[in-house]
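Asks: So here's protein.txt, just compact mmCIF, C-alpha atoms and all ligand atoms:
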```
# COMPACT_ATOMS: atom_id res chain seq x y z
CA MET K 1 -50.16 -38.63 0.72
CA LYS K 2 -51.67 -41.60 -1.06
CA ILE K 3 -50.92 -45.06 0.26
CA VAL K 4 -52.13 -48.13 -1.62
CA VAL K 5 -52.40 -51.48 0.09
CA ALA K 6 -51.87 -54.32 -2.35
CA GLY K 7 -51.24 -58.06 -2.38
CA LYS K 8 -52.74 -61.43 -3.14
CA GLY K 9 -56.29 -62.22 -2.06
CA GLY K 10 -56.74 -63.00 1.61
CA VAL K 11 -53.30 -61.95 2.82
CA GLY K 12 -54.58 -59.27 5.21
CA LYS K 13 -54.80 -56.12 3.06
CA THR K 14 -58.08 -54.96 4.58
CA THR K 15 -56.97 -55.74 8.12
CA ILE K 16 -53.76 -53.76 7.66
CA ALA K 17 -55.45 -50.90 5.77
CA GLY K 18 -58.24 -50.47 8.33
CA THR K 19 -56.02 -50.70 11.39
CA LEU K 20 -53.39 -48.41 9.91
CA ALA K 21 -56.06 -45.84 8.98
CA ARG K 22 -57.32 -45.76 12.58
CA LEU K 23 -53.80 -45.53 14.00
CA LEU K 24 -52.72 -42.71 11.70
CA ALA K 25 -55.91 -40.85 12.58
CA ARG K 26 -55.10 -41.28 16.27
CA ARG K 27 -51.75 -39.72 15.57
CA GLY K 28 -53.60 -36.62 14.44
CA HIS K 29 -53.71 -37.10 10.67
CA SER K 30 -56.79 -36.55 8.59
CA VAL K 31 -57.42 -39.95 7.03
CA LEU K 32 -59.68 -41.08 4.23
CA ALA K 33 -59.95 -44.85 3.79
CA LEU K 34 -60.91 -45.79 0.24
CA ASP K 35 -62.45 -49.20 -0.24
CA ALA K 36 -61.77 -50.09 -3.86
CA ASP K 37 -62.45 -53.80 -3.54
CA SER K 38 -65.33 -55.37 -5.47
CA ASN K 39 -66.28 -57.06 -2.21
CA PRO K 40 -65.96 -54.08 0.14
CA MET K 41 -65.17 -55.05 3.73
CA LEU K 42 -63.00 -52.20 4.92
CA GLY K 43 -65.80 -50.90 7.15
CA ILE K 44 -65.50 -54.00 9.31
CA SER K 45 -61.76 -53.58 9.86
CA LEU K 46 -62.39 -49.89 10.61
CA GLY K 47 -64.93 -50.77 13.28
CA ILE K 48 -68.32 -49.70 11.91
CA GLY K 49 -69.64 -53.28 11.96
CA PRO K 50 -71.06 -55.55 9.26
CA GLU K 51 -74.53 -53.96 9.09
CA GLU K 52 -73.24 -50.43 8.59
CA THR K 53 -70.67 -51.73 6.11
CA ASP K 54 -73.43 -53.45 4.13
CA ALA K 55 -75.57 -50.32 4.24
CA LEU K 56 -72.79 -48.22 2.76
CA VAL K 57 -72.07 -50.81 0.08
CA ALA K 58 -75.79 -50.84 -0.78
CA VAL K 59 -75.66 -47.09 -1.47
CA ARG K 60 -72.86 -47.66 -3.97
CA GLN K 61 -74.71 -50.57 -5.55
CA GLY K 62 -77.80 -48.39 -5.76
CA LEU K 63 -76.12 -46.73 -8.74
CA GLU K 64 -76.84 -49.91 -10.70
CA THR K 65 -80.52 -49.94 -9.83
CA GLY K 66 -81.10 -46.21 -10.03
CA GLU K 67 -81.80 -45.94 -6.30
CA THR K 68 -78.74 -43.79 -5.68
CA GLU K 69 -78.29 -40.41 -7.24
CA HIS K 70 -75.00 -39.81 -9.00
CA ALA K 71 -72.46 -37.53 -7.37
CA ARG K 72 -71.11 -34.79 -9.57
CA SER K 73 -68.14 -33.61 -7.53
CA THR K 74 -65.38 -35.22 -5.50
CA GLU K 75 -66.72 -33.88 -2.23
CA GLY K 76 -70.18 -35.02 -3.27
CA PHE K 77 -68.66 -38.45 -3.80
CA VAL K 78 -67.11 -38.45 -0.34
CA GLY K 79 -70.46 -37.44 1.12
CA ARG K 80 -72.69 -39.86 -0.77
CA PHE K 81 -70.52 -42.96 -0.75
CA GLY K 82 -68.83 -42.34 2.57
CA ARG K 83 -69.44 -42.21 6.28
CA ASP K 84 -67.43 -41.49 9.36
CA ALA K 85 -65.74 -44.37 11.14
CA PRO K 86 -64.20 -44.25 14.64
CA ASP K 87 -61.26 -41.89 15.21
CA ALA K 88 -62.80 -39.64 12.53
CA VAL K 89 -61.55 -41.76 9.65
CA ARG K 90 -63.72 -41.10 6.61
CA LEU K 91 -64.60 -44.34 4.86
CA VAL K 92 -65.48 -44.10 1.17
CA VAL K 93 -66.67 -47.04 -0.89
CA ALA K 94 -65.66 -46.92 -4.54
CA SER K 95 -66.23 -50.46 -5.71
CA ARG K 96 -66.47 -50.92 -9.46
CA ILE K 97 -69.89 -50.42 -11.05
CA GLU K 98 -70.72 -52.99 -13.73
CA ARG K 99 -72.64 -50.63 -16.00
CA PRO K 100 -71.40 -47.10 -15.38
CA ASP K 101 -73.17 -44.15 -16.99
CA PRO K 102 -70.88 -43.06 -19.81
CA GLY K 103 -68.91 -40.06 -18.67
CA CYS K 104 -70.30 -40.06 -15.13
CA PRO K 105 -67.53 -39.01 -12.75
CA CYS K 106 -68.90 -41.02 -9.83
CA CYS K 107 -69.71 -44.45 -11.25
CA GLY K 108 -67.10 -44.77 -13.97
CA VAL K 109 -64.17 -43.54 -11.93
CA SER K 110 -61.25 -45.86 -11.33
CA PRO K 111 -59.72 -46.28 -7.87
CA GLU K 112 -56.36 -45.11 -9.09
CA ARG K 113 -57.82 -41.82 -10.37
CA LEU K 114 -59.87 -41.33 -7.23
CA LEU K 115 -56.81 -41.63 -5.04
CA GLY K 116 -55.42 -38.42 -6.44
CA GLU K 117 -58.75 -36.62 -6.44
CA LEU K 118 -59.52 -37.48 -2.83
CA GLU K 119 -56.12 -36.59 -1.49
CA GLY K 120 -56.93 -32.98 -0.63
CA ALA K 121 -54.84 -30.73 1.52
CA GLY K 122 -53.09 -32.54 4.33
CA ARG K 123 -55.17 -35.68 3.93
CA ILE K 124 -53.82 -39.21 3.91
CA VAL K 125 -55.73 -41.49 1.57
CA ILE K 126 -55.34 -45.21 2.21
CA GLY K 127 -56.62 -47.33 -0.67
CA ASP K 128 -57.56 -50.93 0.01
CA LEU K 129 -57.12 -52.38 -3.46
CA GLU K 130 -58.59 -55.36 -5.20
CA ALA K 131 -56.51 -58.51 -4.83
CA GLY K 132 -53.75 -59.07 -7.36
CA VAL K 133 -51.72 -56.64 -9.40
CA GLY K 134 -54.39 -55.12 -11.70
CA THR K 135 -54.54 -51.68 -10.06
CA LEU K 136 -50.75 -51.53 -9.74
CA LEU K 137 -50.50 -52.13 -13.48
CA ARG K 138 -52.83 -49.20 -14.14
CA LEU K 139 -51.24 -46.79 -11.64
CA ARG K 140 -49.93 -43.69 -13.38
CA ASP K 141 -47.36 -41.26 -12.07
CA GLY K 142 -48.72 -39.20 -9.21
CA GLN K 143 -51.64 -41.51 -8.41
CA ALA K 144 -49.91 -43.04 -5.36
CA ASP K 145 -46.97 -42.10 -3.15
CA LEU K 146 -46.34 -45.38 -1.36
CA VAL K 147 -47.23 -49.02 -1.94
CA LEU K 148 -47.74 -51.23 1.09
CA LEU K 149 -47.36 -54.71 -0.30
CA VAL K 150 -48.87 -57.25 2.07
CA VAL K 151 -47.24 -60.65 1.78
CA GLN K 152 -48.00 -63.85 3.61
CA PRO K 153 -45.42 -66.59 3.85
CA SER K 154 -47.03 -68.78 1.19
CA ALA K 155 -45.89 -69.66 -2.32
CA LYS K 156 -48.84 -67.98 -4.07
CA SER K 157 -48.61 -64.77 -2.06
CA ILE K 158 -44.88 -64.63 -2.70
CA GLU K 159 -45.47 -65.04 -6.43
CA VAL K 160 -47.96 -62.16 -6.49
CA ALA K 161 -45.47 -60.07 -4.48
CA ARG K 162 -42.71 -60.83 -6.97
CA ARG K 163 -44.91 -59.58 -9.81
CA ALA K 164 -46.02 -56.51 -7.84
CA ILE K 165 -42.43 -55.55 -7.07
CA GLU K 166 -41.52 -55.95 -10.73
CA ILE K 167 -44.46 -53.76 -11.83
CA VAL K 168 -43.79 -51.00 -9.31
CA GLY K 169 -40.07 -51.12 -10.03
CA SER K 170 -38.37 -47.93 -8.94
CA ARG K 171 -41.39 -45.73 -9.78
CA LEU K 172 -42.65 -45.58 -6.20
CA PRO K 173 -41.46 -46.27 -2.66
CA LEU K 174 -42.63 -49.73 -1.69
CA LEU K 175 -42.72 -51.24 1.76
CA VAL K 176 -43.32 -54.94 2.27
CA VAL K 177 -45.60 -55.95 5.14
CA ALA K 178 -44.84 -59.55 6.05
CA ASN K 179 -48.15 -60.57 7.59
CA ARG K 180 -49.04 -63.65 9.64
CA VAL K 181 -45.39 -64.39 10.33
CA ARG K 182 -44.91 -67.22 12.81
CA ASP K 183 -41.18 -67.65 12.94
CA GLY K 184 -37.84 -66.81 11.41
CA SER K 185 -38.29 -69.06 8.41
CA ASP K 186 -41.59 -67.31 7.56
CA PHE K 187 -39.73 -64.02 7.73
CA ASP K 188 -36.87 -65.29 5.56
CA MET K 189 -39.34 -66.48 2.93
CA VAL K 190 -40.88 -63.01 2.61
CA GLN K 191 -37.58 -61.22 2.84
CA ALA K 192 -36.21 -63.28 -0.03
CA VAL K 193 -38.77 -61.77 -2.41
CA ALA K 194 -38.52 -58.22 -1.01
CA ASP K 195 -35.62 -57.39 -3.30
CA GLY K 196 -34.06 -54.90 -0.92
CA HIS K 197 -37.30 -53.15 0.04
CA GLU K 198 -38.03 -52.55 3.68
CA VAL K 199 -39.88 -55.39 5.41
CA VAL K 200 -42.18 -54.78 8.38
CA VAL K 201 -43.35 -57.84 10.29
CA VAL K 202 -46.90 -58.36 11.53
CA PRO K 203 -47.06 -61.63 13.42
CA GLU K 204 -49.74 -64.29 13.24
CA ASP K 205 -52.27 -63.15 15.80
CA SER K 206 -55.32 -65.19 16.80
CA GLU K 207 -56.96 -62.07 18.28
CA ILE K 208 -56.96 -60.40 14.86
CA GLU K 209 -58.65 -63.42 13.40
CA ARG K 210 -61.18 -63.51 16.22
CA ALA K 211 -62.05 -59.84 15.72
CA ASP K 212 -62.74 -60.58 12.07
CA GLN K 213 -64.96 -63.54 12.94
CA ASP K 214 -66.94 -61.26 15.27
CA GLY K 215 -67.24 -58.51 12.66
CA GLN K 216 -65.16 -56.13 14.74
CA ALA K 217 -62.03 -54.06 14.26
CA PRO K 218 -58.91 -55.58 15.81
CA ILE K 219 -57.96 -52.15 17.15
CA ASP K 220 -61.18 -52.12 19.19
CA THR K 221 -61.07 -55.66 20.54
CA ALA K 222 -57.36 -56.49 20.60
CA ALA K 223 -55.52 -53.21 20.90
CA ARG K 224 -52.65 -54.71 22.88
CA SER K 225 -52.30 -57.84 20.78
CA PRO K 226 -48.96 -58.43 19.03
CA GLY K 227 -50.44 -57.94 15.56
CA VAL K 228 -52.07 -54.58 16.30
CA ARG K 229 -48.96 -53.39 18.09
CA ALA K 230 -46.87 -54.28 15.07
CA ILE K 231 -49.22 -52.21 12.87
CA GLU K 232 -48.78 -49.39 15.41
CA GLU K 233 -45.06 -49.60 14.77
CA LEU K 234 -45.75 -49.42 11.05
CA ALA K 235 -47.79 -46.25 11.60
CA ALA K 236 -44.97 -44.79 13.68
CA LEU K 237 -42.45 -45.68 11.00
CA LEU K 238 -44.52 -43.92 8.33
CA ALA K 239 -45.12 -40.89 10.54
CA ARG K 240 -41.43 -40.51 11.29
CA GLY K 241 -41.01 -40.09 7.57
CA TYR K 242 -37.95 -42.24 7.22
CA ALA K 243 -37.04 -45.91 7.33
CA LEU K 244 -35.35 -47.30 10.40
CA PRO K 245 -32.01 -48.98 9.83
CA SER K 246 -31.95 -52.70 10.41
CA THR K 247 -31.09 -53.47 14.02
CA ALA K 248 -33.20 -56.47 14.84
CA SER K 249 -31.81 -59.89 15.59
CA PRO K 250 -33.38 -62.85 13.78
CA LEU K 251 -36.97 -63.40 14.75
CA ALA K 252 -37.54 -65.89 17.52
CA PRO K 253 -40.36 -68.39 17.06
CA MET K 254 -43.61 -66.61 17.85
CA ALA K 255 -44.74 -67.08 21.43
CA PRO K 256 -47.29 -65.10 23.41
CA GLY K 257 -45.57 -61.99 24.69
CA PRO K 258 -44.53 -58.58 23.52
CA ALA K 259 -44.95 -57.72 19.87
CA PRO K 260 -41.81 -58.17 17.83
CA THR K 261 -40.17 -54.97 16.72
CA PRO K 262 -40.89 -54.54 13.02
CA ARG K 263 -37.79 -55.52 11.19
CA VAL K 264 -36.79 -53.12 8.53
CA ARG K 265 -34.25 -53.47 5.81
CA GLN K 266 -32.43 -50.91 3.75
CA GLY K 267 -34.04 -47.49 3.65
CA LEU K 268 -35.50 -46.25 0.43
CA GLY K 269 -35.52 -42.65 1.47
CA PRO K 270 -38.29 -40.71 3.07
CA ALA K 271 -41.94 -41.55 2.58
CA ARG K 272 -43.21 -38.37 4.11
CA LEU K 273 -46.66 -37.83 5.53
CA HIS K 274 -48.03 -34.37 5.16
N1 LIG W 301 -51.76 -61.00 11.44
C1 LIG W 301 -52.83 -61.79 11.34
N2 LIG W 301 -52.98 -62.83 12.19
C2 LIG W 301 -54.06 -63.65 12.09
N3 LIG W 301 -55.04 -63.50 11.19
C3 LIG W 301 -54.93 -62.49 10.33
C4 LIG W 301 -53.83 -61.57 10.34
N4 LIG W 301 -54.01 -60.66 9.35
C5 LIG W 301 -55.16 -60.99 8.75
N5 LIG W 301 -55.72 -62.09 9.32
C6 LIG W 301 -56.96 -62.78 8.92
O1 LIG W 301 -56.83 -63.17 7.57
C7 LIG W 301 -58.11 -63.12 6.94
C8 LIG W 301 -58.00 -62.27 5.67
O2 LIG W 301 -57.71 -60.93 6.04
P1 LIG W 301 -58.22 -59.71 5.15
O3 LIG W 301 -59.67 -59.78 4.89
O4 LIG W 301 -57.67 -58.49 5.79
O5 LIG W 301 -57.41 -60.04 3.81
P2 LIG W 301 -57.53 -59.34 2.38
O6 LIG W 301 -56.18 -59.40 1.78
O7 LIG W 301 -58.14 -58.01 2.52
O8 LIG W 301 -58.53 -60.32 1.64
P3 LIG W 301 -59.30 -60.05 0.23
O9 LIG W 301 -58.26 -60.20 -0.84
O10 LIG W 301 -60.32 -61.15 0.20
O11 LIG W 301 -59.89 -58.69 0.29
C9 LIG W 301 -59.08 -62.55 7.98
O12 LIG W 301 -59.78 -63.62 8.58
C10 LIG W 301 -58.17 -61.86 8.97
O13 LIG W 301 -58.71 -61.83 10.27
MG MG W 302 -59.83 -57.18 1.59
```
So, in terms of structure tokens, how does the structure I just supplied come out?
Ligand SMILES: Nc1ncnc2c1ncn2[C@@H]1O[C@H](COP(=O)(O)OP(=O)(O)OP(=O)(O)O)[C@@H](O)[C@H]1O
Ligand SMILES: [Mg+2]

Replies:
Amino acid sequence: MKIVVAGKGGVGKTTIAGTLARLLARRGHSVLALDADSNPMLGISLGIGPEETDALVAVRQGLETGETEHARSTEGFVGRFGRDAPDAVRLVVASRIERPDPGCPCCGVSPERLLGELEGAGRIVIGDLEAGVGTLLRLRDGQADLVLLVVQPSAKSIEVARRAIEIVGSRLPLLVVANRVRDGSDFDMVQAVADGHEVVVVPEDSEIERADQDGQAPIDTAARSPGVRAIEELAALLARGYALPSTASPLAPMAPGPAPTPRVRQGLGPARLH
């Protein structure tokens, strides 16, 4: 199963990807988290801390300077450019290399190709993509099984979402994650662009932001916060393998208290984990 996390810059892709990876691993899945951003930060959201994240990024960048040996196989790639994160998630950094060796499978490889190669038996690969729609445009059949489109209630994020939904079309199941939602009008704004796709709400959560400021994973510092609990519901929804029918009443204005139940619209059929 290959899940790609896409959306405009700064909308919460890395936060969602990292937290979801940890939660799916806790549910017993084998999870590989692929950081395909040119500014790789997924390690922080996974809970290995800024120093370890930087160290892993430096190994990847060492390809440019000759300090890192090239990897010749997929498993070699996972070993050289990866490390274990909490809950046994394997983090692999695959940021783009400016001057790849022609024909080298490790430095010239694109994230979309890697997704398929890293999938392996029974493994879930979660790809934290570069901001924007570039990778979605390049995705070929079979390179992803599900798009998680993270959308914030802002005009620019909505515009990127509109383009992403158009690009993906009916080729792949797509689930909209409405992130940093504060109230019903925020939700309505995201839902309006969702074009019938399921929408899962992750509320605005100051504890998520604080974790980020401290270089920590929200799941480690704010496990019971409304935002993390909403991502837990997203993990449960994916693991159940089918979309919940819409039952929720309109979102109340966000107040401290229990996490809102993710609100889901119109099933698109199963997005099975295996
Ligand atoms: N639900 C939330 N509530 C509050 N803050 C959030 C929430 N989700 C994400 N954030 C904050 O938003 C900021 C951007 O999040 P993140 O780095 O995950 O976005 P991104 O889409 O990966 O960004 P980029 O495009 O730069 O890679 C971070 O400071 C993060 O803590
Ligand atoms: Mg990011």

Asks: Quick one, how far is atom O10 of ligand LIG 301 (chain W) from atom CA of Ala131 of chain K?

Replies: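 Result for atom O10 of ligand LIG 301 (chain W) versus atom CA of Ala131 of chain K: 6.8 Å, one decimal.
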
Asks: Just the residues within 12 Å of Asp145 of chain K, please, counting all atoms listed in the file, with nothing from its chain fewer than 4 positions along; format it as a ChimeraX atom specification.

Replies: /K:1-5,112,115-116,119,124-127,139-141,168,170-175,238,270-274

Asks: Within 7 Å of segment 213-227 of chain K, counting all atoms listed in the file, which residues show up once you throw out same-chain ones fewer than 6 positions away? Write them as a list in words, please.

Replies: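 So, after excluding close chain neighbours, the residues are Thr19, Ile44, Ser45, Leu46, Gly47, Gly49, Pro50, Val202, Pro203, Glu204, Asp205, Glu207, Pro258 and Ala259 of chain K.
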
Asks: Go ahead and save the picked residues with C-alpha atoms, as an mmCIF file, keeping the file's coordinate frame.

Replies:
```cif
data_model
loop_
_atom_site.group_PDB
_atom_site.id
_atom_site.type_symbol
_atom_site.label_atom_id
_atom_site.label_comp_id
_atom_site.auth_asym_id
_atom_site.auth_seq_id
_atom_site.Cartn_x
_atom_site.Cartn_y
_atom_site.Cartn_z
ATOM 1 C CA THR K 19 -56.020 -50.700 11.390
ATOM 2 C CA ILE K 44 -65.500 -54.000 9.310
ATOM 3 C CA SER K 45 -61.760 -53.580 9.860
ATOM 4 C CA LEU K 46 -62.390 -49.890 10.610
ATOM 5 C CA GLY K 47 -64.930 -50.770 13.280
ATOM 6 C CA GLY K 49 -69.640 -53.280 11.960
ATOM 7 C CA PRO K 50 -71.060 -55.550 9.260
ATOM 8 C CA VAL K 202 -46.900 -58.360 11.530
ATOM 9 C CA PRO K 203 -47.060 -61.630 13.420
ATOM 10 C CA GLU K 204 -49.740 -64.290 13.240
ATOM 11 C CA ASP K 205 -52.270 -63.150 15.800
ATOM 12 C CA GLU K 207 -56.960 -62.070 18.280
ATOM 13 C CA PRO K 258 -44.530 -58.580 23.520
ATOM 14 C CA ALA K 259 -44.950 -57.720 19.870
#
```

Asks: Would you list the residues that come within 12 Å of ligand MG 302 (chain W)? Count only C-alpha atoms and all ligand atoms and give the answer as a ChimeraX atom specification.

Replies: /K:5-18,34-46,95,127-132,150,212

Asks: Any idea what the distance is between atom CA of Ala144 of chain K and atom CA of Ile231 of chain K?

Replies: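 Pair atom CA of Ala144 of chain K / atom CA of Ile231 of chain K returns 20.4 Å.
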
Asks: If I wrap all listed atoms of ligand LIG 301 (chain W) in a box with edges along x, y and z and add 5 Å on each side, what are its centre and edge lengths in Å to one decimal, as AutoDock Vina command-line options?

Replies:
```
--center_x -56.0 --center_y -60.8 --center_z 5.7 --size_x 18.6 --size_y 15.6 --size_z 23.0
```

Asks: Between atom CA of Ile167 of chain K and atom CA of Leu24 of chain K, measure the distance and give it in Å to one decimal.

Replies: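 Atom CA of Leu24 of chain K lies 27.3 Å from atom CA of Ile167 of chain K.
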
Asks: Could you pull the residues within 12 Å of Leu63 of chain K, counting all atoms listed in the file, minus those fewer than 5 positions along the same chain, as a list in words?

Replies: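 Final neighbour list, sorted by chain and number: Val57, Ala58, Thr68, Glu69, His70, Ala71, Arg80, Phe81, Ala94, Ser95, Arg96, Ile97, Glu98, Arg99, Pro100, Asp101, Cys104, Cys106, Cys107 and Gly108 of chain K.
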
Asks: Grab the residues selected above and save them as a short mmCIF file (atom, residue, chain, number, x, y, z; two decimals), in the frame of the given file with C-alpha atoms.

Replies:
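For reference, result09.cif as written:
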```
data_model
loop_
_atom_site.label_atom_id
_atom_site.label_comp_id
_atom_site.auth_asym_id
_atom_site.auth_seq_id
_atom_site.Cartn_x
_atom_site.Cartn_y
_atom_site.Cartn_z
CA VAL K 57 -72.07 -50.81 0.08
CA ALA K 58 -75.79 -50.84 -0.78
CA THR K 68 -78.74 -43.79 -5.68
CA GLU K 69 -78.29 -40.41 -7.24
CA HIS K 70 -75.00 -39.81 -9.00
CA ALA K 71 -72.46 -37.53 -7.37
CA ARG K 80 -72.69 -39.86 -0.77
CA PHE K 81 -70.52 -42.96 -0.75
CA ALA K 94 -65.66 -46.92 -4.54
CA SER K 95 -66.23 -50.46 -5.71
CA ARG K 96 -66.47 -50.92 -9.46
CA ILE K 97 -69.89 -50.42 -11.05
CA GLU K 98 -70.72 -52.99 -13.73
CA ARG K 99 -72.64 -50.63 -16.00
CA PRO K 100 -71.40 -47.10 -15.38
CA ASP K 101 -73.17 -44.15 -16.99
CA CYS K 104 -70.30 -40.06 -15.13
CA CYS K 106 -68.90 -41.02 -9.83
CA CYS K 107 -69.71 -44.45 -11.25
CA GLY K 108 -67.10 -44.77 -13.97
#
```

Asks: Determine the nearest neighbour of ligand LIG 301 (chain W) from the options K:Glu52, K:Glu209, K:Glu159, K:Asp87, counting all atoms listed in the file.

Replies: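 Closest to ligand LIG 301 (chain W), using all atoms listed in the file: K:Glu209.
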
Asks: Which one of K:Ala88, K:Val133, K:Leu114, K:Val109 sits closest to ligand LIG 301 (chain W) if you count all atoms listed in the file?

Replies: K:Val133

Asks: From the options K:Arg163, K:Arg22, K:Arg60, K:Arg180, which residue's atoms come nearest to ligand LIG 301 (chain W), counting all atoms listed in the file?

Replies: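 Using all atoms listed in the file, ligand LIG 301 (chain W) sits closest to K:Arg180.
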
Asks: Please determine, counting all atoms listed in the file, which residue among K:Val92, K:Gly76, K:Leu20, K:Arg27 has the shortest atom-to-atom distance to ligand LIG 301 (chain W).

Replies: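 Between K:Val92, K:Gly76, K:Leu20, K:Arg27, the residue approaching ligand LIG 301 (chain W) most closely is K:Leu20.
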
Asks: Between K:Gly169, K:Gly122, K:Pro102, K:Pro153, which is the closest to ligand LIG 301 (chain W) once you count all atoms listed in the file?

Replies: K:Pro153

Asks: For a quick check of understanding, using only C-alpha atoms and all ligand atoms, which of K:Gln191, K:Ser154, K:Ser73, K:Asn179 has the smallest distance to ligand LIG 301 (chain W)?

Replies: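 Checking each of K:Gln191, K:Ser154, K:Ser73, K:Asn179 against ligand LIG 301 (chain W), counting only C-alpha atoms and all ligand atoms, the winner is K:Asn179.
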
Asks: Set the distance at 7 Å and use only C-alpha atoms: which residues neighbour Ala161 of chain K once local chain neighbours fewer than 3 positions away are removed? I'd like the list as a short mmCIF file (atom, residue, chain, number, x, y, z; two decimals) with C-alpha atoms, in the coordinates of the input.

Replies:
```
data_model
loop_
_atom_site.label_atom_id
_atom_site.label_comp_id
_atom_site.auth_asym_id
_atom_site.auth_seq_id
_atom_site.Cartn_x
_atom_site.Cartn_y
_atom_site.Cartn_z
CA GLY K 7 -51.24 -58.06 -2.38
CA VAL K 151 -47.24 -60.65 1.78
CA SER K 157 -48.61 -64.77 -2.06
CA ILE K 158 -44.88 -64.63 -2.70
CA ALA K 164 -46.02 -56.51 -7.84
CA ILE K 165 -42.43 -55.55 -7.07
#
```

Asks: Just save segment 174-193 of chain K with N, CA and C atoms, as a compact mmCIF listing (two decimals), in the first residue's frame.

Replies:
```
# COMPACT_ATOMS: atom_id res chain seq x y z
N LEU K 174 -8.81 9.29 -3.36
CA LEU K 174 -8.24 10.50 -2.76
C LEU K 174 -9.08 10.89 -1.54
N LEU K 175 -8.39 11.15 -0.46
CA LEU K 175 -9.07 11.52 0.77
C LEU K 175 -8.57 12.91 1.16
N VAL K 176 -9.47 13.80 1.45
CA VAL K 176 -9.08 15.16 1.82
C VAL K 176 -8.92 15.23 3.34
N VAL K 177 -7.78 15.74 3.78
CA VAL K 177 -7.60 15.98 5.22
C VAL K 177 -7.70 17.48 5.43
N ALA K 178 -8.80 17.90 6.05
CA ALA K 178 -9.00 19.32 6.33
C ALA K 178 -8.26 19.62 7.63
N ASN K 179 -7.09 20.26 7.50
CA ASN K 179 -6.24 20.46 8.68
C ASN K 179 -6.39 21.88 9.22
N ARG K 180 -6.16 22.00 10.51
CA ARG K 180 -6.21 23.29 11.22
C ARG K 180 -7.59 23.93 11.14
N VAL K 181 -8.60 23.07 11.21
CA VAL K 181 -9.98 23.55 11.15
C VAL K 181 -10.38 24.10 12.51
N ARG K 182 -10.93 25.31 12.50
CA ARG K 182 -11.33 25.95 13.76
C ARG K 182 -12.82 25.92 13.99
N ASP K 183 -13.58 25.91 12.91
CA ASP K 183 -15.03 25.97 13.10
C ASP K 183 -15.74 25.46 11.84
N GLY K 184 -17.05 25.54 11.88
CA GLY K 184 -17.84 25.02 10.78
C GLY K 184 -17.57 25.73 9.46
N SER K 185 -17.28 27.01 9.51
CA SER K 185 -17.07 27.70 8.23
C SER K 185 -15.73 27.28 7.62
N ASP K 186 -14.73 26.98 8.47
CA ASP K 186 -13.47 26.42 7.95
C ASP K 186 -13.76 25.10 7.25
N PHE K 187 -14.56 24.27 7.91
CA PHE K 187 -14.88 22.97 7.32
C PHE K 187 -15.60 23.14 5.99
N ASP K 188 -16.58 24.02 5.96
CA ASP K 188 -17.36 24.22 4.73
C ASP K 188 -16.46 24.66 3.57
N MET K 189 -15.48 25.51 3.90
CA MET K 189 -14.58 26.02 2.87
C MET K 189 -13.79 24.86 2.23
N VAL K 190 -13.33 23.94 3.06
CA VAL K 190 -12.56 22.81 2.52
C VAL K 190 -13.51 21.85 1.80
N GLN K 191 -14.64 21.62 2.40
CA GLN K 191 -15.58 20.67 1.79
C GLN K 191 -16.01 21.12 0.40
N ALA K 192 -16.10 22.43 0.23
CA ALA K 192 -16.57 22.95 -1.06
C ALA K 192 -15.64 22.57 -2.20
N VAL K 193 -14.34 22.41 -1.89
CA VAL K 193 -13.40 22.07 -2.96
C VAL K 193 -13.24 20.55 -3.10
```
